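*Asks:* Structure below; questions to follow.
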Amino acid sequence: MNRIILLVDDDIFQLRLFEKLLTSNGYHCKIALSVDEAETILQSEIPDLIVSDFEMPGKDGFEFRRRLLKEDAFKNIPFLFLTSINDKDNVQQGLDLKAIDYIAKNTPPSHILSKIDNLLQAVREHYERSLSEVKGIAERLNLRNIPLKAPTLNKFKIEYFNQTFQNQPGGDFIDFIKINDRYTFIILGDVMGKKWGAWFFSFSFISYIRSAIRLCVFDENYSLSEILNKLNRVIFVDELLSDIFSTLSIVLLDDELGTIKYAGAGDLPVLKFEAGESELKYYRSDGILLGFSDKGDYTEMDIPINSGEEIYMISDGMIDFEINGEKKSNINLFKEKLFNFKNTKETVQNIKNRLFDKHISQVDDCSIIIINKL
Amino acid sequence: MNVTRQNIDDLVLLTIVDKDANLSKSENFKEIVFKEIESGTRKLIISFEHVEYLDSSFLGALVSILKSLVPKKGKLILIELNNDITNLFELTRLDKIFDLRNSLETALEEFK
């Protein structure tokens with residue numbers, strides 16, 4: 001993915017020179033002739049780096065920097081000052097404003113490029129280190145929103161795959177709750193949002209779901225609609241989650257009878273592959289997002305399944321694509337692709353590899369659970 | 001987030017100017033709309049005329065806005081959603097909680 005650099009300078013000639021240098025070396029540039037233009041660009045896109053001139057008519061580079069430092073969304077964007085005035089006071093003033101460094105306009109292009117490459121590499125490495133530390137802590141606390149393995153059953157085979165977005169944890173969560181030799185619950189949820197915020201709240205949802213299922217099962221109640229209705233009521237009154245919403249698909253496997261029940265809350269339909277059919281079948285739940293209203297009116301359905309058939313639970317990241325720079329959500333594209341893989345008898349591993357192909361631009365974290373009737 | 005604002009009698013029309021409505025804009029958008037609601041606006045139309053893609057963070061922001069407006073007896077109508085976005089609302093039953101209209105005219109009729 002190309003790194004985006006916002007270049008700000010009132011000198012269009014200088015801007016074009018920098019733009020040419022950077023774009024021919026793999027960067028994507030946004031250019032602004034004034035601070036006002038730069039701030040308009042920032043409203044629609046957050047760059048990986050800002051390079052700004054000191055001296056500009058109207059708001060100058062220092063004022064721009066001061067304004068950015070007041071905004072949470074912008075204050076941490078790496079910032080370099082660009083100047084033709086190589087005087088110590090200006091440089092010091094810039095560095096006092098937490099600019100990472102400055103570049104003199106007469107610096108040779110190869111030096112400018114190395115400086116920017118090194119800077120972005122250092123930012124990336126610092127980020128990777130922090131990410132790795134947080135991941136390590138989460139592992140030690142046994143905080144997982146994607147389990148290590150699926151339960152082994154007699155009449156079903158369960159496989160699942162999750163791919164994070166930009167190597168950061170996300171809001172998708174998967175859980176398997178094996179109650180006894182007969183009943184196993186399979187959970188797929190997606191906390192609305194991305195990256196850390198969604199990841200953090202996924203644990204609250206997992207805890208509530210586990211509690212709701214256990215409490216119902218203690219009373220010999222295996223009704224998915226009752227579990228979802230109870231769960232929704234609790235989440236609705238939880239002030240900490242009043243602004244956080246999650247989708248949920250919940251499947252109950254009966255390993256004695258070989259049957260499947262399903263209910264959902266604002267989730268994507270469960271898909272099913274049947275040999276001899278010309279496309280994947282849909283099973284749509286009727287419940288709305290967890291936590292929006294105290295009355296969710298969740299109902300459950302049976303999904304008939306024969307030996308050799310498969311059902312797929314998916315999160316919304318699976319149906320989001322970026323094609324020629326345009327993002328799209330299209331479940332039919334996904335259905336067609338998956339059906340073709342199945343029809344040509346691809347192995348599950350191949351299907352996984354092709355669905356999560358790195359060349360297909362991913363725009364969110366994505367998860368799929370495959371349940372095969374043996 | 002680039003949003004234009006227009007008063008039409010006692011209602012407010014907010015038009016999202018960006019073509020991607022995503023995570024980087026959802027918080028800012030929520031702030032803009034919550035300020036409207038705090039200032040007393042109860043009849044709100046949001047136009048997606050320019051929006052080509054909407055991610056789950058932005059959907060979450062919209063749900064949050066609606067959830068805050070409902071107890072205040074407010075009304076929110078979303079207009080001019082493209083086919084992909086309309087399908088996403090239908091697939092996830094968000095069409096059950098949001099009032100979706102094709103055009104500003106039909107939304108204004110609803111407020112009469």
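Chain lettering (A, B, ...) mirrors the order of the structure tokens, residue numbering begins at 1 for each chain separately, and ligand numbering begins at 1 in order of display.
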Just want the 7 Å neighbourhood of Gly308 of chain A, counted on only C-alpha atoms, with same-chain residues fewer than 5 positions away dropped. Output as a list of chain:residue names.

*Replies:*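 Everything that qualifies: A:Asn372, A:Lys373, A:Leu374.
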
*Asks:* Write out as a PyMOL selection string which residues come within 12 Å of segment 14-16 of chain A when counting only C-alpha atoms, dropping same-chain ones fewer than 6 positions away.

*Replies:* chain A and resi 5-8+22-24+29-34+51-53+82-84+104-106

*Asks:* Keeping only N, CA and C atoms, write those residues as a compact mmCIF listing (two decimals), in the first residue's frame.

*Replies:*
# COMPACT_ATOMS: atom_id res chain seq x y z
N ILE A 5 1.70 11.13 1.55
CA ILE A 5 2.41 12.29 2.11
C ILE A 5 1.67 13.56 1.70
N LEU A 6 1.35 14.38 2.69
CA LEU A 6 0.72 15.67 2.40
C LEU A 6 1.81 16.74 2.34
N LEU A 7 1.92 17.38 1.18
CA LEU A 7 2.94 18.42 0.97
C LEU A 7 2.26 19.79 0.99
N VAL A 8 2.77 20.70 1.81
CA VAL A 8 2.14 22.02 1.94
C VAL A 8 3.19 23.10 1.67
N LEU A 22 8.81 12.17 -4.96
CA LEU A 22 8.22 11.18 -4.05
C LEU A 22 7.36 10.15 -4.79
N THR A 23 6.55 10.61 -5.77
CA THR A 23 5.69 9.65 -6.46
C THR A 23 6.53 8.67 -7.29
N SER A 24 7.66 9.16 -7.83
CA SER A 24 8.48 8.22 -8.62
C SER A 24 9.21 7.23 -7.71
N CYS A 29 1.21 11.35 -3.18
CA CYS A 29 1.26 12.71 -2.61
C CYS A 29 -0.08 13.44 -2.74
N LYS A 30 -0.37 14.21 -1.72
CA LYS A 30 -1.47 15.18 -1.77
C LYS A 30 -0.81 16.53 -1.65
N ILE A 31 -1.19 17.49 -2.47
CA ILE A 31 -0.51 18.77 -2.37
C ILE A 31 -1.49 19.89 -2.01
N ALA A 32 -0.98 20.83 -1.19
CA ALA A 32 -1.80 21.96 -0.77
C ALA A 32 -0.96 23.22 -0.86
N LEU A 33 -1.57 24.28 -1.43
CA LEU A 33 -0.84 25.55 -1.60
C LEU A 33 -0.98 26.47 -0.39
N SER A 34 -1.82 26.04 0.56
CA SER A 34 -1.98 26.86 1.77
C SER A 34 -2.41 25.95 2.91
N VAL A 51 4.61 17.22 5.23
CA VAL A 51 5.82 18.02 5.01
C VAL A 51 5.32 19.43 4.68
N SER A 52 5.67 20.40 5.53
CA SER A 52 5.11 21.74 5.33
C SER A 52 6.21 22.81 5.36
N ASP A 53 6.01 23.82 4.52
CA ASP A 53 6.90 24.98 4.50
C ASP A 53 6.69 25.79 5.78
N LEU A 82 9.74 22.14 6.09
CA LEU A 82 10.51 22.31 4.88
C LEU A 82 10.85 23.79 4.80
N THR A 83 12.11 24.10 4.56
CA THR A 83 12.42 25.53 4.54
C THR A 83 13.57 25.87 3.62
N SER A 84 13.50 27.09 3.11
CA SER A 84 14.66 27.59 2.38
C SER A 84 15.46 28.50 3.32
N ALA A 104 15.92 21.23 4.53
CA ALA A 104 16.23 22.45 3.78
C ALA A 104 15.92 22.20 2.31
N LYS A 105 15.32 23.19 1.67
CA LYS A 105 14.88 22.99 0.28
C LYS A 105 16.03 22.69 -0.67
N ASN A 106 17.23 23.12 -0.29
CA ASN A 106 18.36 22.88 -1.20
C ASN A 106 19.05 21.54 -0.93

*Asks:* Which chain B residues are at most 6 Å from chain A (counting only C-alpha atoms), as a PyMOL selection string?

*Replies:* chain B and resi 1+53+56-57+60+64+92-93

*Asks:* The selected residues should be written to file as a compact mmCIF listing (two decimals), in the first residue's frame (atoms: N, CA and C atoms).

*Replies:*
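Printed below is part_30.txt as written:
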# COMPACT_ATOMS: atom_id res chain seq x y z
N MET B 1 -14.05 15.60 8.27
CA MET B 1 -15.21 15.14 7.49
C MET B 1 -15.85 16.32 6.80
N TYR B 53 -18.94 4.43 -0.62
CA TYR B 53 -18.66 3.29 0.27
C TYR B 53 -18.81 3.72 1.71
N SER B 56 -18.25 -0.29 8.47
CA SER B 56 -19.04 -0.62 9.65
C SER B 56 -18.85 0.41 10.76
N SER B 57 -17.72 1.12 10.79
CA SER B 57 -17.54 2.16 11.81
C SER B 57 -18.54 3.29 11.58
N GLY B 60 -21.94 2.22 12.51
CA GLY B 60 -22.07 2.30 13.97
C GLY B 60 -22.38 3.72 14.41
N SER B 64 -25.70 4.97 16.37
CA SER B 64 -25.56 5.71 17.61
C SER B 64 -26.36 7.03 17.55
N THR B 92 -28.52 -6.46 6.50
CA THR B 92 -28.27 -6.49 7.94
C THR B 92 -29.45 -5.95 8.76
N ARG B 93 -30.59 -5.87 8.11
CA ARG B 93 -31.85 -5.42 8.76
C ARG B 93 -31.78 -3.99 9.27

*Asks:* Report, in Å to a single decimal, how far apart atom CA of Ser114 of chain A and atom CA of Gly26 of chain A are.

*Replies:*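 About the pair atom CA of Gly26 of chain A and atom CA of Ser114 of chain A: they are 12.9 Å apart.
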
*Asks:* Give me the residues near Phe58 of chain B as a VMD selection string, where near means some atom within 7 Å (using only C-alpha atoms) and where sequence neighbours in that chain fewer than 5 positions away do not count.

*Replies:* chain B and resid 21 to 23 26

*Asks:* Can you tell me, as number ranges by chain, what residues are no more than 10 Å from Met313 of chain A when counting only C-alpha atoms, ignoring any on the same chain fewer than 6 positions away?

*Replies:* A: 160, 186-189, 249-251, 267-272, 367-371

*Asks:* Can you pull out every residue from chain B that DSSP, working from the backbone, puts in helix (DSSP H, G or I), and format the result as a ChimeraX atom specification?

*Replies:* /B:23-38,56-72,83-91,94-96,104-111

*Asks:* Step one, run DSSP on the backbone; step two, keep only residues of segment 54-153 of chain A assigned to strand (DSSP E or B); then write them as a PyMOL selection string.

*Replies:* chain A and resi 79-83+101-104

*Asks:* Go ahead and dump the residues you just picked, N, CA and C atoms, as a PDB file, in the first residue's frame.

*Replies:*
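Final output, result-v1.pdb:
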ATOM      1  N   PHE A  79       5.436  14.929  11.328  1.00  0.00           N
ATOM      2  CA  PHE A  79       5.454  16.250  10.692  1.00  0.00           C
ATOM      3  C   PHE A  79       6.888  16.706  10.462  1.00  0.00           C
ATOM      4  N   LEU A  80       7.187  17.107   9.227  1.00  0.00           N
ATOM      5  CA  LEU A  80       8.512  17.639   8.886  1.00  0.00           C
ATOM      6  C   LEU A  80       8.346  19.065   8.380  1.00  0.00           C
ATOM      7  N   PHE A  81       9.238  19.955   8.828  1.00  0.00           N
ATOM      8  CA  PHE A  81       9.229  21.307   8.257  1.00  0.00           C
ATOM      9  C   PHE A  81      10.164  21.355   7.061  1.00  0.00           C
ATOM     10  N   LEU A  82       9.735  22.141   6.090  1.00  0.00           N
ATOM     11  CA  LEU A  82      10.510  22.312   4.876  1.00  0.00           C
ATOM     12  C   LEU A  82      10.854  23.794   4.797  1.00  0.00           C
ATOM     13  N   THR A  83      12.106  24.105   4.564  1.00  0.00           N
ATOM     14  CA  THR A  83      12.419  25.531   4.538  1.00  0.00           C
ATOM     15  C   THR A  83      13.573  25.873   3.622  1.00  0.00           C
ATOM     16  N   ASP A 101      11.514  16.798  12.420  1.00  0.00           N
ATOM     17  CA  ASP A 101      12.775  17.264  11.846  1.00  0.00           C
ATOM     18  C   ASP A 101      12.450  18.365  10.837  1.00  0.00           C
ATOM     19  N   TYR A 102      13.461  18.833  10.151  1.00  0.00           N
ATOM     20  CA  TYR A 102      13.227  19.783   9.073  1.00  0.00           C
ATOM     21  C   TYR A 102      14.089  19.393   7.880  1.00  0.00           C
ATOM     22  N   ILE A 103      13.657  19.852   6.697  1.00  0.00           N
ATOM     23  CA  ILE A 103      14.429  19.597   5.484  1.00  0.00           C
ATOM     24  C   ILE A 103      14.690  20.945   4.812  1.00  0.00           C
ATOM     25  N   ALA A 104      15.923  21.228   4.533  1.00  0.00           N
ATOM     26  CA  ALA A 104      16.229  22.452   3.781  1.00  0.00           C
ATOM     27  C   ALA A 104      15.918  22.195   2.314  1.00  0.00           C
TER      28      ALA A 104
END

*Asks:* Could you tell me how far atom CA of Ser278 of chain A lies from atom CA of Thr259 of chain A, in Å and to one decimal?

*Replies:* 23.5 Å

*Asks:* For a test of reading the model, state the distance in Å between atom CA of Glu37 of chain A and atom CA of Glu63 of chain A, rounded to one decimal.

*Replies:*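 Pair atom CA of Glu37 of chain A / atom CA of Glu63 of chain A returns 13.9 Å.
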
*Asks:* Near segment 44-48 of chain B, counting only C-alpha atoms, which residues have an atom at most 10 Å away, once you skip same-chain residues fewer than 4 positions from it, shown as a PyMOL selection string?

*Replies:* chain B and resi 3-8+10-19+21+33+36-37+52-54+62+69+74-82+85+99-104+107-108+111

*Asks:* Name all residues at most 12 Å from Leu148 of chain A (count only C-alpha atoms; drop same-chain ones fewer than 4 positions away) and give them as a ChimeraX atom specification.

*Replies:* /A:139,142-144,159-162,174-176

*Asks:* Please produce a file of those selected residues containing C-alpha atoms, as a compact mmCIF listing (two decimals), in the first residue's frame.

*Replies:*
# COMPACT_ATOMS: atom_id res chain seq x y z
CA GLU A 139 -1.89 -13.37 25.10
CA ASN A 142 -5.58 -15.14 27.79
CA LEU A 143 -7.57 -12.42 26.03
CA ARG A 144 -8.56 -13.90 22.71
CA GLU A 159 -13.04 -24.85 10.36
CA TYR A 160 -12.57 -21.13 10.71
CA PHE A 161 -10.33 -18.37 9.42
CA ASN A 162 -9.77 -14.82 10.48
CA ILE A 174 -15.39 -16.11 17.15
CA ASP A 175 -16.25 -18.43 19.99
CA PHE A 176 -17.10 -22.11 20.40
